[in-house]
Amino acid sequence: MHTHVPTFATNAQPLALWGGLECTVNRVGDQYGDQVVRTGHHDRLDDLGKLADLGLRTLRYPILWERTAPHHPDQPDWRWADQRLHRLRKLRIRPIVGLVHHGCGPRYATFEQTAFERHLPRYARQVAERYPWVDAYTPINEPLTTARFSGLYGFWYPHGQSDRLFVDLLLRQCRATVRAMREIRQVRPDAQLVQTDDLGYTHASPAFGYQADFENERRWLAWDLLSGRVTPGHALWNYLRRSGATEGHLWFHVENPCPPSVIGVNHYVTSERYLFPDRNSPTGYGDTEVVRAAPEQRLGLGNLLVQAWERYQRPIAVTEAHLGCTVDEQMRWLAESWQQAEWARRQGADIRAVTAWALFGLYDWHCLLTRCENRYEPGVFHVADGQPQHTDLSRMVQQLAQGTPVEQLAPAGLGWWQVEEIESLI
């Protein structure tokens, strides 16, 4: 397979500002939830003009399988996608098209079935043929995180709680990604794979260092698989085999490498974890955010970006930067993400962009979308009243896009999650 040279701005150019909207279509029990509908973006074509007015020129954008062809692979409805992508092209905004976002696939091909990896590449080919000018894709957003939530923790369909199902879901998503990109590149040979996943780090009290070590290896698995790095010498080869992966499943990725053109790092204040003794837990340990339990141990985004660069030596973008909090704290979070990306660049890491995420906010992520409580978190815009309203964060994004130094835009003082050790990085 050919290695495709990224066409995004190089590290020699200023750090770019991208945008993205929370667009999850996930399933809990027998019910699908759609963030694009819930935030109202589904019905507001004029939203795209507002994003152009912010100065955004690259946008993570959903043309999701479950939304376009929910009932049958031969019955796609392209009306919404046609209208939106035509408008983006007219506005000269480059889309990074997402096909599955925390989804399990439509009912006829959910991802515990082999039909998923058969039908998703077919849908990817349809998208590429319909929009041949699109040159960047994320076929499946956060496959590792989705496999954890659906196969290991039981939050989302099919509500599994086993290493076997987690591994099965992860491998099927990764195989589907390889096959989807193969189909896309039959149409658009230079198409870029922007492969996103959450990147954090697990800290622990001494008794649970073994679990932290395991989780810190596991966080790389999706990128490792796609890059063809999971061979018998890999730290998790034996774990994967014990959990049901056949040698054929693992060698598929070695023989069909599909390394990301750009590694998309999604990072939240909850991404770094801390394991502590808990007698009431069946594992013997509890799991919480390091910023609450041991903030002095936090590595911060900059160090994590350098870790990713040293491991893969491939271009990186921060593909989600969002904090559910007051607008001034959201501004501090975006400023910290930007400053730490800049710091990582100074260490030699090839960091291309930071993405202002959840442009129109999101619903019910406080409970990981497991319940419908209609709790809204504003994003760059506030849309709880039905129409996007500018906030101080949207004005900050606009000024960042114009090249204003981030130090001039962040509110004074530390964010609630920050300590001096982290501040010293930036």
# chains A, B, ... in the order shown; residues from 1 in each chain; ligands from 1
call {"tool": "residues_around", "arguments": {"residues": "Leu199 (chain A)", "least_positions_apart": "3", "cutoff": "8 Å", "atoms": "only C-alpha atoms", "output": "list in words"}}
result
Arg219, Val265, Asn266, His267, Ser271 and Leu304 of chain A
call {"tool": "residues_around", "arguments": {"residues": "Arg57 (chain A)", "least_positions_apart": "2", "cutoff": "8 Å", "atoms": "only C-alpha atoms", "output": "VMD selection string"}}
result
chain A and resid 17 to 18 52 55 59 92 to 94
call {"tool": "closest_residue", "arguments": {"among": "A:Arg148, A:Thr24, A:Glu342, A:Val97", "to": "Asp135 (chain A)", "atoms": "only C-alpha atoms"}}
result
A:Val97
call {"tool": "residues_around", "arguments": {"residues": "region 409-419 of chain A", "least_positions_apart": "5", "cutoff": "6 Å", "atoms": "only C-alpha atoms", "output": "PyMOL selection string"}}
result
chain A and resi 291+329+331-332+335
call {"tool": "residues_around", "arguments": {"residues": "Ala191 (chain A)", "least_positions_apart": "2", "cutoff": "7 Å", "atoms": "only C-alpha atoms", "output": "PyMOL selection string"}}
result
chain A and resi 135-136+185+188-189+193
call {"tool": "residues_around", "arguments": {"residues": "region 203-213 of chain A", "least_positions_apart": "4", "cutoff": "7 Å", "atoms": "only C-alpha atoms", "output": "PyMOL selection string"}}
result
chain A and resi 217+273-276
call {"tool": "atom_distance", "arguments": {"atom1": "CA of Ser150 (chain A)", "atom2": "CA of Thr110 (chain A)"}}
result
11.6 Å
call {"tool": "closest_residue", "arguments": {"among": "A:Leu15, A:Ala341, A:Leu91, A:Leu250", "to": "Pro232 (chain A)", "atoms": "only C-alpha atoms"}}
result
A:Leu250
call {"tool": "closest_residue", "arguments": {"among": "A:Ala321, A:Gly361, A:Leu369, A:His102", "to": "Asp385 (chain A)", "atoms": "only C-alpha atoms"}}
result
A:Gly361
call {"tool": "select_by_dssp", "arguments": {"residues": "region 19-179 of chain A", "states": "alpha helix (DSSP H)", "output": "PyMOL selection string"}}
result
chain A and resi 35-38+47-54+65-68+79-90+114-130+143-147+163-179
call {"tool": "residues_around", "arguments": {"residues": "Ile96 (chain A)", "least_positions_apart": "4", "cutoff": "10 Å", "atoms": "only C-alpha atoms", "output": "count of residues only"}}
result
18
call {"tool": "closest_residue", "arguments": {"among": "A:Ala222, A:Ala317, A:Ala356, A:Ala115", "to": "Met396 (chain A)", "atoms": "only C-alpha atoms"}}
result
A:Ala356
call {"tool": "closest_residue", "arguments": {"among": "A:Val262, A:Cys104, A:Val318, A:Val269", "to": "Arg292 (chain A)", "atoms": "only C-alpha atoms"}}
result
A:Val269
call {"tool": "closest_residue", "arguments": {"among": "A:Pro260, A:Gly379, A:Pro95, A:Pro388", "to": "Asp224 (chain A)", "atoms": "only C-alpha atoms"}}
result
A:Pro260
call {"tool": "residues_around", "arguments": {"residues": "Leu299 (chain A)", "least_positions_apart": "5", "cutoff": "9 Å", "atoms": "only C-alpha atoms", "output": "list in words"}}
result
Gly200, Tyr201, Glu272, Leu304 and Ile422 of chain A
call {"tool": "atom_distance", "arguments": {"atom1": "CA of Pro14 (chain A)", "atom2": "CA of Asp350 (chain A)"}}
result
11.3 Å
call {"tool": "atom_distance", "arguments": {"atom1": "CA of His322 (chain A)", "atom2": "CA of Trp357 (chain A)"}}
result
5.5 Å
call {"tool": "select_by_dssp", "arguments": {"residues": "region 1-195 of chain A", "states": "strand (DSSP E or B)", "output": "NGL selection string"}}
result
:A and (16-20 or 25-28 or 31-34 or 58-62 or 94-101 or 136-141 or 192-195)
call {"tool": "closest_atom_pairs", "arguments": {"of": "region 135-186 of chain A", "to": "region 116-131 of chain A", "cutoff": "7 Å", "atoms": "only C-alpha atoms", "output": "CSV"}}
result
residue,atom,partner,partner_atom,distance
A:Arg172,CA,A:Glu117,CA,6.5
A:Arg175,CA,A:Glu117,CA,6.8
A:Ala176,CA,A:Glu117,CA,4.5
A:Arg179,CA,A:Pro121,CA,5.6
A:Ala180,CA,A:Pro121,CA,3.9
A:Glu183,CA,A:Arg125,CA,5.2
A:Ile184,CA,A:Arg125,CA,5.3
